[in-house]
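Structure file input21.cif (mmCIF, C-alpha atoms and all ligand atoms) follows.
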data_work
loop_
_atom_site.label_atom_id
_atom_site.label_comp_id
_atom_site.auth_asym_id
_atom_site.auth_seq_id
_atom_site.Cartn_x
_atom_site.Cartn_y
_atom_site.Cartn_z
CA MET A 144 109.66 82.37 105.18
CA LYS A 145 112.71 83.00 107.35
CA ASN A 146 112.54 86.77 107.65
CA LEU A 147 110.70 89.65 106.00
CA LEU A 148 113.24 90.02 103.18
CA ASP A 149 112.54 86.45 102.08
CA ASN A 150 110.02 86.54 99.24
CA SER A 151 109.14 82.83 99.22
CA LEU A 152 105.59 83.57 100.43
CA GLU A 153 104.98 85.39 97.15
CA SER A 154 105.88 82.44 94.92
CA CYS A 155 104.90 79.38 97.02
CA THR A 156 101.63 77.49 96.60
CA THR A 157 98.44 78.95 98.03
CA LYS A 158 98.25 76.10 100.57
CA GLU A 159 101.80 76.75 101.80
CA ARG A 160 101.13 80.46 102.17
CA GLU A 161 97.81 79.90 103.95
CA ASN A 162 99.42 77.46 106.40
CA PHE A 163 102.19 79.91 107.24
CA ILE A 164 99.83 82.86 107.61
CA SER A 165 97.37 80.84 109.75
CA LYS A 166 100.16 80.27 112.28
CA ARG A 167 101.00 83.98 112.30
CA ILE A 168 97.32 84.90 112.77
CA LYS A 169 96.96 82.46 115.67
CA GLN A 170 100.09 83.80 117.42
CA GLN A 171 98.93 87.40 117.01
CA PHE A 172 95.44 86.40 118.18
CA ASP A 173 96.85 84.84 121.35
CA TYR A 174 98.96 87.95 121.98
CA ASN A 175 95.98 90.28 121.47
CA LYS A 176 93.59 88.22 123.56
CA ASN A 177 96.02 88.22 126.50
CA LYS A 178 97.73 91.59 126.25
CA THR A 179 95.79 94.19 124.25
CA PRO A 180 93.00 95.90 126.26
CA PHE A 181 90.93 96.66 123.14
CA HIS A 182 90.81 92.99 122.12
CA THR A 183 90.69 91.12 125.43
CA ASN A 184 86.91 91.02 125.72
CA ARG A 185 85.92 91.15 122.05
CA LEU A 186 87.94 88.13 120.89
CA PRO A 187 86.65 84.60 121.63
CA GLU A 188 88.73 82.17 123.70
CA TYR A 189 91.90 81.00 121.93
CA GLY A 190 90.67 77.40 122.11
CA LYS A 191 87.84 78.29 119.70
CA ILE A 192 90.24 79.18 116.88
CA ALA A 193 93.32 77.08 117.71
CA ASN A 194 92.52 74.27 115.27
CA LEU A 195 90.75 76.22 112.52
CA SER A 196 91.89 76.29 108.90
CA TYR A 197 92.94 79.52 107.21
CA GLU A 198 89.52 79.92 105.59
CA ASP A 199 87.63 79.25 108.82
CA LEU A 200 89.66 81.86 110.73
CA PHE A 201 87.98 84.52 108.59
CA LYS A 202 84.57 83.27 109.68
CA ALA A 203 85.40 82.89 113.38
CA ILE A 204 87.36 86.03 114.24
CA PRO A 205 85.19 89.16 114.63
CA TYR A 206 86.13 92.08 112.35
CA MET A 207 87.18 95.47 113.73
CA THR A 208 85.51 98.53 112.24
CA LYS A 209 86.62 102.15 112.06
CA SER A 210 83.73 103.27 114.27
CA GLU A 211 84.64 100.67 116.90
CA VAL A 212 88.17 102.08 116.89
CA ARG A 213 86.89 105.66 117.17
CA ASN A 214 84.70 104.71 120.11
CA ALA A 215 87.52 103.00 121.98
CA GLU A 216 88.31 104.56 125.33
CA SER A 217 91.71 105.68 123.98
CA PRO A 218 93.81 104.84 120.88
CA MET A 219 96.34 103.54 123.44
CA SER A 220 93.97 100.68 124.24
CA LEU A 221 94.91 99.13 120.89
CA VAL A 222 98.45 98.70 122.22
CA ALA A 223 99.49 96.14 124.84
CA ASN A 224 100.34 97.95 128.09
CA ASP A 225 103.90 96.59 128.09
CA ASP A 226 104.48 97.94 124.56
CA ILE A 227 103.46 101.58 125.02
CA ALA A 228 107.01 102.56 126.00
CA ASN A 229 108.28 101.11 122.69
CA LEU A 230 106.11 103.30 120.42
CA ARG A 231 108.09 105.66 118.18
CA TYR A 232 105.76 106.77 115.33
CA SER A 233 102.26 108.21 115.46
CA TYR A 234 100.07 108.73 112.40
CA SER A 235 96.41 109.57 112.15
CA SER A 236 93.70 110.37 109.66
CA SER A 237 92.75 114.06 109.62
CA GLY A 238 89.40 113.49 111.27
CA THR A 239 87.20 115.55 108.95
CA THR A 240 84.49 112.87 109.03
CA GLY A 241 84.79 111.97 112.68
CA LYS A 242 87.37 111.31 115.34
CA PRO A 243 90.73 110.48 113.76
CA ALA A 244 91.91 106.88 113.96
CA TYR A 245 95.43 106.71 115.38
CA SER A 246 98.07 104.35 114.14
CA PHE A 247 101.19 103.81 116.23
CA PHE A 248 104.34 101.96 115.28
CA SER A 249 107.27 100.71 117.33
CA GLU A 250 110.67 100.94 115.63
CA GLN A 251 110.44 97.19 115.11
CA ASP A 252 107.03 97.26 113.39
CA ASN A 253 107.97 100.30 111.33
CA ASP A 254 111.11 98.49 110.09
CA ALA A 255 109.03 95.39 109.35
CA SER A 256 106.65 97.43 107.24
CA ILE A 257 109.50 99.02 105.26
CA ILE A 258 111.49 95.81 104.77
CA SER A 259 108.45 94.03 103.31
CA LEU A 260 107.86 96.99 100.97
CA THR A 261 111.38 96.89 99.57
CA ARG A 262 110.63 93.41 98.16
CA THR A 263 108.07 94.99 95.82
CA ILE A 264 110.58 97.09 93.84
CA PRO A 265 113.18 94.50 92.75
CA GLU A 266 113.84 96.29 89.43
CA LEU A 267 115.26 99.28 91.29
CA GLN A 268 117.62 97.16 93.38
CA SER A 269 119.27 95.09 90.65
CA ASN A 270 122.44 97.21 90.33
CA LYS A 271 124.20 99.83 92.29
CA GLN A 272 122.46 102.84 90.83
CA GLU A 273 121.86 106.39 91.88
CA LEU A 274 118.29 106.86 93.01
CA THR A 275 117.26 110.43 93.73
CA VAL A 276 113.62 110.32 94.69
CA TYR A 277 111.27 113.29 94.60
CA ASN A 278 108.60 112.56 97.21
CA GLY A 279 105.46 114.64 96.66
CA TYR A 280 103.45 112.93 99.40
CA ASN A 281 102.43 114.77 102.54
CA GLN A 282 105.26 114.46 105.08
CA ALA A 283 102.86 114.79 108.01
CA HIS A 284 100.92 111.75 106.81
CA ILE A 285 102.12 108.13 106.86
CA SER A 286 102.87 107.93 103.12
CA GLY A 287 105.52 110.69 103.03
CA PRO A 288 107.85 109.25 105.69
CA LEU A 289 107.11 105.63 104.72
CA PHE A 290 108.16 106.10 101.08
CA ASN A 291 111.25 108.09 102.18
CA SER A 292 112.29 105.14 104.37
CA MET A 293 111.58 102.56 101.67
CA PHE A 294 113.86 104.31 99.14
CA ARG A 295 116.50 105.05 101.77
CA HIS A 296 116.52 101.34 102.62
CA ILE A 297 117.54 100.43 99.04
CA GLY A 298 120.23 103.12 98.92
CA GLY A 299 118.25 106.04 97.49
CA LEU A 300 118.13 109.71 98.46
CA PRO A 301 114.60 110.97 99.16
CA VAL A 302 113.98 114.63 98.30
CA PRO A 303 110.68 115.57 99.96
CA ARG A 304 108.60 118.31 98.35
CA ARG A 305 109.25 121.45 100.39
CA PHE A 306 106.33 122.48 102.55
CA GLY A 307 103.82 124.91 101.06
CA ILE A 308 105.54 125.48 97.69
CA SER A 309 103.79 125.97 94.34
CA ASP A 310 103.93 123.40 91.55
CA GLU A 311 106.33 125.70 89.64
CA VAL A 312 108.77 125.62 92.55
CA ALA A 313 108.28 121.86 92.98
CA TYR A 314 109.14 121.36 89.29
CA GLU A 315 112.30 123.42 89.82
CA GLN A 316 113.13 121.28 92.85
CA ILE A 317 112.90 118.11 90.74
CA THR A 318 115.04 119.39 87.87
CA GLU A 319 117.60 121.09 90.12
CA THR A 320 118.23 118.01 92.25
CA LYS A 321 118.09 115.78 89.14
CA CYS A 322 115.49 113.43 90.61
CA ASN A 323 115.16 110.20 88.64
CA ILE A 324 112.22 108.69 90.52
CA LEU A 325 108.94 110.46 91.20
CA THR A 326 106.87 109.35 94.17
CA ILE A 327 103.69 111.25 93.67
CA PRO A 328 99.86 111.03 93.61
CA TRP A 329 98.42 110.52 90.10
CA THR A 330 95.61 112.99 90.22
CA SER A 331 94.95 116.24 92.00
CA THR A 332 93.90 116.26 95.61
CA ASN A 333 92.82 119.52 97.19
CA LYS A 334 96.45 120.00 98.23
CA GLY A 335 97.67 120.00 94.62
CA GLY A 336 101.01 118.51 93.74
CA SER A 337 99.92 115.55 91.59
CA LEU A 338 101.70 114.17 88.55
CA GLU A 339 99.01 115.75 86.38
CA ASP A 340 99.71 119.13 88.01
CA LEU A 341 103.45 118.75 87.41
CA LEU A 342 102.95 117.77 83.78
CA SER A 343 100.76 120.80 83.10
CA THR A 344 103.27 123.01 84.95
CA GLU A 345 106.04 121.59 82.76
CA ALA A 346 104.02 122.35 79.63
CA LYS A 347 103.39 125.91 80.86
CA LEU A 348 107.08 126.46 81.58
CA GLY A 349 108.13 124.86 78.29
CA GLY A 350 110.23 122.26 80.16
CA ASN A 351 111.19 118.80 79.01
CA TYR A 352 112.30 116.77 82.03
CA ILE A 353 109.48 114.39 83.00
CA ASN A 354 110.10 111.58 80.52
CA GLY A 355 112.04 108.35 80.13
CA ASP A 356 115.34 110.16 79.46
CA ASN A 357 115.45 111.41 83.05
CA ILE A 358 112.90 109.42 85.05
CA LYS A 359 113.40 105.69 85.75
CA ALA A 360 110.21 105.08 87.68
CA ILE A 361 107.02 106.53 89.01
CA TYR A 362 105.82 105.25 92.36
CA CYS A 363 102.40 106.15 93.63
CA SER A 364 99.59 105.09 95.86
CA SER A 365 96.33 105.59 94.11
CA ILE A 366 92.96 104.00 93.62
CA GLU A 367 92.39 106.57 90.88
CA LEU A 368 94.84 105.06 88.40
CA SER A 369 92.97 104.36 85.19
CA GLU A 370 93.99 102.84 81.87
CA ASP A 371 94.06 106.33 80.36
CA LEU A 372 96.43 107.67 82.99
CA ALA A 373 98.68 104.60 82.81
CA GLU A 374 98.86 105.06 79.02
CA GLU A 375 99.77 108.70 79.48
CA ILE A 376 102.76 107.66 81.63
CA GLN A 377 103.76 104.97 79.15
CA ASP A 378 103.68 107.61 76.40
CA LEU A 379 106.35 109.49 78.33
CA ASP A 380 108.56 106.36 77.97
CA ILE A 381 108.99 106.06 81.74
CA PRO A 382 109.93 102.37 82.06
CA LEU A 383 108.63 101.46 85.51
CA ILE A 384 105.28 102.24 87.10
CA TYR A 385 104.41 101.04 90.61
CA ASN A 386 101.08 101.56 92.25
CA SER A 387 100.46 100.69 95.89
CA TYR A 388 97.46 100.52 98.18
CA GLY A 389 97.09 100.77 101.92
CA THR A 390 95.72 102.76 104.81
CA THR A 391 97.11 104.78 107.70
CA GLU A 392 96.04 102.04 110.13
CA VAL A 393 97.76 99.06 108.54
CA SER A 394 100.34 100.59 106.14
CA ILE A 395 100.71 99.23 102.59
CA VAL A 396 98.83 95.99 101.84
CA ALA A 397 99.20 95.61 98.05
CA VAL A 398 101.63 96.71 95.33
CA SER A 399 101.44 96.29 91.56
CA CYS A 400 103.97 94.26 89.55
CA GLN A 401 105.31 95.12 86.11
CA SER A 402 102.63 93.00 84.39
CA ASN A 403 99.86 95.47 85.14
CA PRO A 404 99.89 98.69 87.19
CA LEU A 405 96.08 98.54 87.48
CA SER A 406 96.16 95.28 89.42
CA MET A 407 97.97 94.94 92.76
CA HIS A 408 99.35 91.88 94.57
CA LEU A 409 98.44 91.45 98.23
CA LEU A 410 101.74 91.75 100.08
CA PRO A 411 102.75 89.23 102.76
CA GLY A 412 104.58 91.56 105.13
CA MET A 413 103.92 93.30 108.42
CA THR A 414 100.28 93.29 107.31
CA TRP A 415 98.35 90.60 105.50
CA ALA A 416 95.02 91.34 103.85
CA GLU A 417 92.25 89.09 102.54
CA VAL A 418 89.11 89.63 100.52
CA VAL A 419 85.88 88.20 101.95
CA ASP A 420 82.12 88.29 101.43
CA ALA A 421 79.51 89.37 103.99
CA GLN A 422 79.59 85.91 105.64
CA GLY A 423 83.39 85.86 105.90
CA ASN A 424 83.94 83.39 103.04
CA LEU A 425 87.06 84.06 100.95
CA THR A 426 85.92 85.81 97.76
CA PRO A 427 86.63 83.69 94.66
CA SER A 428 88.40 85.02 91.54
CA GLY A 429 86.31 87.36 89.44
CA GLU A 430 84.10 88.51 92.32
CA VAL A 431 84.00 91.62 94.48
CA GLY A 432 84.59 91.43 98.23
CA ARG A 433 85.59 93.47 101.26
CA VAL A 434 89.21 93.98 102.35
CA ILE A 435 90.14 92.74 105.84
CA ALA A 436 93.69 93.52 107.01
CA SER A 437 95.72 92.45 110.03
CA ARG A 438 99.11 93.37 111.39
CA ILE A 439 100.59 89.92 111.95
CA MET A 440 104.34 89.93 111.34
CA SER A 441 107.20 91.84 112.79
CA GLN A 442 110.87 91.03 112.98
CA ARG A 443 113.40 90.83 115.81
CA ASN A 444 117.01 89.60 115.45
CA ASP A 445 116.28 88.48 111.88
CA GLU A 446 113.36 86.29 112.97
CA ILE A 447 109.65 86.70 112.39
CA THR A 448 107.74 87.64 115.52
CA THR A 449 104.38 89.17 116.55
CA CYS A 450 103.66 92.89 115.99
CA ASN A 451 103.94 95.04 119.09
CA SER A 452 102.24 98.35 118.31
CA SER A 453 98.64 99.34 117.32
CA GLN A 454 96.78 96.05 116.99
CA TYR A 455 94.69 96.47 113.87
CA PHE A 456 93.59 92.84 113.64
CA PHE A 457 90.93 91.62 111.19
CA TYR A 458 90.32 95.29 110.48
CA GLU A 459 87.68 96.14 107.93
CA ILE A 460 89.35 98.86 105.87
CA GLY A 461 86.07 99.95 104.29
CA ASP A 462 86.92 99.10 100.66
CA GLU A 463 85.50 96.71 98.10
CA VAL A 464 87.79 95.18 95.49
CA LEU A 465 87.71 92.75 92.60
CA VAL A 466 89.91 89.74 93.36
CA ASP A 467 91.95 87.48 91.07
CA ARG A 468 93.52 84.40 92.69
CA SER A 469 95.18 82.97 89.58
CA PRO A 470 99.01 83.03 89.31
CA CYS A 471 100.43 86.14 87.61
CA GLN A 472 102.85 86.34 84.66
CA CYS A 473 105.42 87.87 87.01
CA GLY A 474 105.71 84.60 88.97
CA ARG A 475 103.97 85.75 92.14
CA THR A 476 101.12 83.55 93.35
CA THR A 477 99.63 86.06 95.79
CA PRO A 478 96.03 87.16 95.08
CA ARG A 479 95.64 90.35 93.06
CA ILE A 480 93.12 93.13 93.63
CA SER A 481 91.79 95.83 91.33
CA GLN A 482 88.83 98.20 90.91
CA ILE A 483 89.18 99.42 94.49
CA ARG A 484 86.07 101.22 95.61
CA ARG A 485 86.31 103.09 98.86
CA PHE A 486 82.96 103.31 100.56
CA SER A 487 84.02 104.91 103.84
CA GLY A 488 86.65 107.32 105.09
CA ILE A 489 87.56 108.77 101.70
CA ASN A 490 87.20 112.36 102.87
CA ASP A 491 89.71 111.79 105.63
CA ASN A 492 92.24 110.53 103.15
CA ILE A 493 91.77 113.31 100.63
CA GLU A 494 92.16 115.88 103.38
CA GLY A 495 95.35 114.14 104.41
CA GLY A 496 96.78 115.06 101.01
CA CYS A 497 96.75 111.54 99.65
CA GLN A 498 94.03 109.46 98.11
CA THR A 499 94.67 106.07 99.59
CA LEU A 500 97.02 106.13 102.53
ZN ZN B 1 102.32 90.02 89.05
#
Turn the structure described in the file into structure tokens.
Amino acid sequence: MKNLLDNSLESCTTKERENFISKRIKQQFDYNKNKTPFHTNRLPEYGKIANLSYEDLFKAIPYMTKSEVRNAESPMSLVANDDIANLRYSYSSSGTTGKPAYSFFSEQDNDASIISLTRTIPELQSNKQELTVYNGYNQAHISGPLFNSMFRHIGGLPVPRRFGISDEVAYEQITETKCNILTIPWTSTNKGGSLEDLLSTEAKLGGNYINGDNIKAIYCSSIELSEDLAEEIQDLDIPLIYNSYGTTEVSIVAVSCQSNPLSMHLLPGMTWAEVVDAQGNLTPSGEVGRVIASRIMSQRNDEITTCNSSQYFFYEIGDEVLVDRSPCQCGRTTPRISQIRRFSGINDNIEGGCQTL
């Protein structure tokens, strides 16, 4: 992998990917041990992990938990002192179930996160095409601005849902601006504004816009997507469905391919995630394990480098997933996850106006 636009890590052998990612983990470990106040005392000496294999790194490096982050002296302690002046973006969970966890990004790490995401929507980049993207996600939360940037990066025009409007007005906004991509939660949150809400609004108004004649793709971020809902979208003849998964702390970690919107490929990008059991062994195909995610790759002058903002490193997201490590029909060899079950922090995310980010 030369830079974050290079997708070779998604089609190479597992061994090649693990070797590459091991090096990235070790570099980020060294950086965190030496520079990040939060990690300096909790990480073992570098010598203890320097020669470990990919698999063994997941047994040797202690996992970070949400409560450990909340109890930190300050969210700034997750950032190396020299990097605080470079921070440009601040996101946080809403804090309804406890102190909010902050997530900061430098311009460099934010770009890295977006560049890796653009690799997951190749079908929308094949030709020069007009992409007008309704974005129904909360603009005060990470997902709203992140998806705007992703579509902007491939030449699209994001049209964010105006603040505080009803679903009737949002529907008008979509038809008026002739949006041809909908970025939107699948099911209702307590903030409204889901695809289901828009479809019932359309039915009430007697409209006929949300279908394959006008909409090229639906992009969402949802652990709620079920076979029934996916079928409902397919019945509207909308050709492309993307589902993504991530958290405020580490950004997007998995995105579906066109083979199956219910199953998502782990994404080698700014963040890399793995699925492990209680002892830190990699979970084999067909079994359920816990998701551990680390910010490990950023980019400077077209070269891969260490991340330089909030150091979520071997962070236990708080979700269990079913893993499939077999190659996919789409050609990617990255592990796939499905049946995501959130067992902590869900209230924070729903309050934030978004189920999974
Ligand atoms: Zn696939």
Counting all atoms listed in the file, give me one row per residue of chain A with an atom at most 12 Å from an atom of ligand ZN 1 (chain B), showing the shortest contact pair and its distance in Å to one decimal, sorted by chain then residue number, as CSV.
residue,atom,partner,partner_atom,distance
A:Glu153,CA,B:ZN1,ZN,9.7
A:Ser154,CA,B:ZN1,ZN,10.2
A:Thr263,CA,B:ZN1,ZN,10.2
A:Ile264,CA,B:ZN1,ZN,11.9
A:Tyr385,CA,B:ZN1,ZN,11.3
A:Ala397,CA,B:ZN1,ZN,11.0
A:Val398,CA,B:ZN1,ZN,9.2
A:Ser399,CA,B:ZN1,ZN,6.8
A:Cys400,CA,B:ZN1,ZN,4.6
A:Gln401,CA,B:ZN1,ZN,6.6
A:Ser402,CA,B:ZN1,ZN,5.5
A:Asn403,CA,B:ZN1,ZN,7.1
A:Pro404,CA,B:ZN1,ZN,9.2
A:Leu405,CA,B:ZN1,ZN,10.7
A:Ser406,CA,B:ZN1,ZN,8.1
A:Met407,CA,B:ZN1,ZN,7.5
A:His408,CA,B:ZN1,ZN,6.5
A:Leu409,CA,B:ZN1,ZN,10.1
A:Leu410,CA,B:ZN1,ZN,11.2
A:Asp467,CA,B:ZN1,ZN,10.9
A:Arg468,CA,B:ZN1,ZN,11.1
A:Ser469,CA,B:ZN1,ZN,10.0
A:Pro470,CA,B:ZN1,ZN,7.7
A:Cys471,CA,B:ZN1,ZN,4.5
A:Gln472,CA,B:ZN1,ZN,5.8
A:Cys473,CA,B:ZN1,ZN,4.3
A:Gly474,CA,B:ZN1,ZN,6.4
A:Arg475,CA,B:ZN1,ZN,5.5
A:Thr476,CA,B:ZN1,ZN,7.9
A:Thr477,CA,B:ZN1,ZN,8.3
A:Pro478,CA,B:ZN1,ZN,9.2
A:Arg479,CA,B:ZN1,ZN,7.8
A:Ile480,CA,B:ZN1,ZN,10.7
Discussion item. Need to verify the contact set: A:Ile164, 10 Å, all atoms listed in the file, exclusion of same-chain residues closer than 3 positions in sequence. Can you return it as a VMD selection string?
Written reply: chain A and resid 152 158 to 161 167 to 170 197 411 415 439 to 440
Item to complete: Could you check how far atom CA of A:Gly432 sits from atom CA of A:Ile257, in Å to one decimal?
Response: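 Computing it gives 27.0 Å between the two atoms.
Using all atoms listed in the file, the residues found no farther than 8 Å from stretch 318-325 of chain A, other than those of its own chain fewer than 2 positions away, are Leu274, Thr275, Val276, Tyr277, Asn278, Gly279, Val302, Tyr314, Glu315, Gln316, Ile327, Tyr352, Asn357, Ile358, Lys359, Ala360, Ile361 and Tyr362 of chain A.
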Worksheet entry | Pairwise distance for atom CA of A:Glu459 and atom CA of A:Phe294, rounded to one decimal in Å |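 If I compute the distance from atom CA of A:Glu459 to atom CA of A:Phe294, I get 28.8 Å.
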What are the nearest atom pairs, with distances in Å to one decimal, for all residues of stretch 404-481 of chain A that come at most 7 Å from stretch 204-211 of chain A, using all atoms listed in the file, set out by chain and rising residue number as a Markdown table?
| residue | atom | partner | partner_atom | distance |
| --- | --- | --- | --- | --- |
| A:Phe456 | CA | A:Met207 | CA | 6.9 |
| A:Phe457 | CA | A:Tyr206 | CA | 5.0 |
| A:Tyr458 | CA | A:Met207 | CA | 4.5 |
| A:Glu459 | CA | A:Thr208 | CA | 5.4 |
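Distance check against A:Lys347 using all atoms listed in the file: of A:Ile447, A:Ser259, A:Gly389, A:Glu311, the minimum falls on A:Glu311.
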Worksheet entry | Given only C-alpha atoms as the counted atoms, nearest of A:Ser365, A:Ser256, A:Ser453, A:Asn281 to A:Gly336 |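 Checking each candidate against A:Gly336, we get A:Asn281 as the closest.
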Fill in: Interatomic distance, atom CA of A:Leu221 to atom CA of A:Val434 (Å, one decimal)
20.1 Å
Fill in: Residue nearest A:Ile285 - candidates A:Asn424, A:Asn177, A:Asn451, A:Ser246, atoms counted: only C-alpha atoms
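So, comparing all the options, the nearest one is A:Ser246.
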Discussion item. With distances taken over all atoms listed in the file, which residue among A:Leu148, A:Ala228, A:Val396, A:Val464 lies nearest A:His296?
Written reply: A:Leu148
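Using only C-alpha atoms, the shortest contact distance between A:Thr183 and any of A:Glu339, A:Leu289, A:Ser220, A:Asn150 is found at A:Ser220.
With all atoms listed in the file taken into account, the protein and nucleic acid residues at most 9 Å from A:Glu198 (excluding it and anything under 2 positions from it in its own chain) are Glu161, Ser165, Leu195, Ser196, Leu200, Phe201, Lys202, Gly423, Asn424 and Leu425 of chain A.
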Since fewer atoms than expected are present, regenerate N, CA and C atoms for stretch 464-478 of chain A and write them as a compact mmCIF listing (two decimals), in the coordinates of the input.
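Result file follows (out-v7.txt):
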# COMPACT_ATOMS: atom_id res chain seq x y z
N VAL A 464 86.85 95.38 96.60
CA VAL A 464 87.79 95.18 95.49
C VAL A 464 87.38 93.95 94.68
N LEU A 465 87.85 93.93 93.45
CA LEU A 465 87.71 92.75 92.60
C LEU A 465 88.95 91.89 92.85
N VAL A 466 88.75 90.59 93.04
CA VAL A 466 89.91 89.74 93.36
C VAL A 466 90.20 88.76 92.22
N ASP A 467 91.50 88.47 92.04
CA ASP A 467 91.95 87.48 91.07
C ASP A 467 92.96 86.59 91.78
N ARG A 468 92.64 85.30 91.94
CA ARG A 468 93.52 84.40 92.69
C ARG A 468 94.39 83.53 91.78
N SER A 469 94.36 83.78 90.49
CA SER A 469 95.18 82.97 89.58
C SER A 469 96.62 83.48 89.60
N PRO A 470 97.61 82.59 89.30
CA PRO A 470 99.01 83.03 89.31
C PRO A 470 99.23 84.12 88.25
N CYS A 471 100.18 84.99 88.51
CA CYS A 471 100.43 86.14 87.61
C CYS A 471 101.63 85.83 86.71
N GLN A 472 101.69 86.48 85.58
CA GLN A 472 102.85 86.34 84.66
C GLN A 472 104.17 86.63 85.34
N CYS A 473 104.16 87.47 86.36
CA CYS A 473 105.42 87.87 87.01
C CYS A 473 105.98 86.78 87.90
N GLY A 474 105.22 85.71 88.14
CA GLY A 474 105.71 84.60 88.97
C GLY A 474 105.15 84.61 90.38
N ARG A 475 104.55 85.73 90.79
CA ARG A 475 103.97 85.75 92.14
C ARG A 475 102.64 84.98 92.12
N THR A 476 102.37 84.32 93.24
CA THR A 476 101.12 83.55 93.35
C THR A 476 100.14 84.21 94.31
N THR A 477 100.51 85.36 94.85
CA THR A 477 99.63 86.06 95.79
C THR A 477 98.39 86.59 95.06
N PRO A 478 97.23 86.63 95.73
CA PRO A 478 96.03 87.16 95.08
C PRO A 478 96.25 88.61 94.64
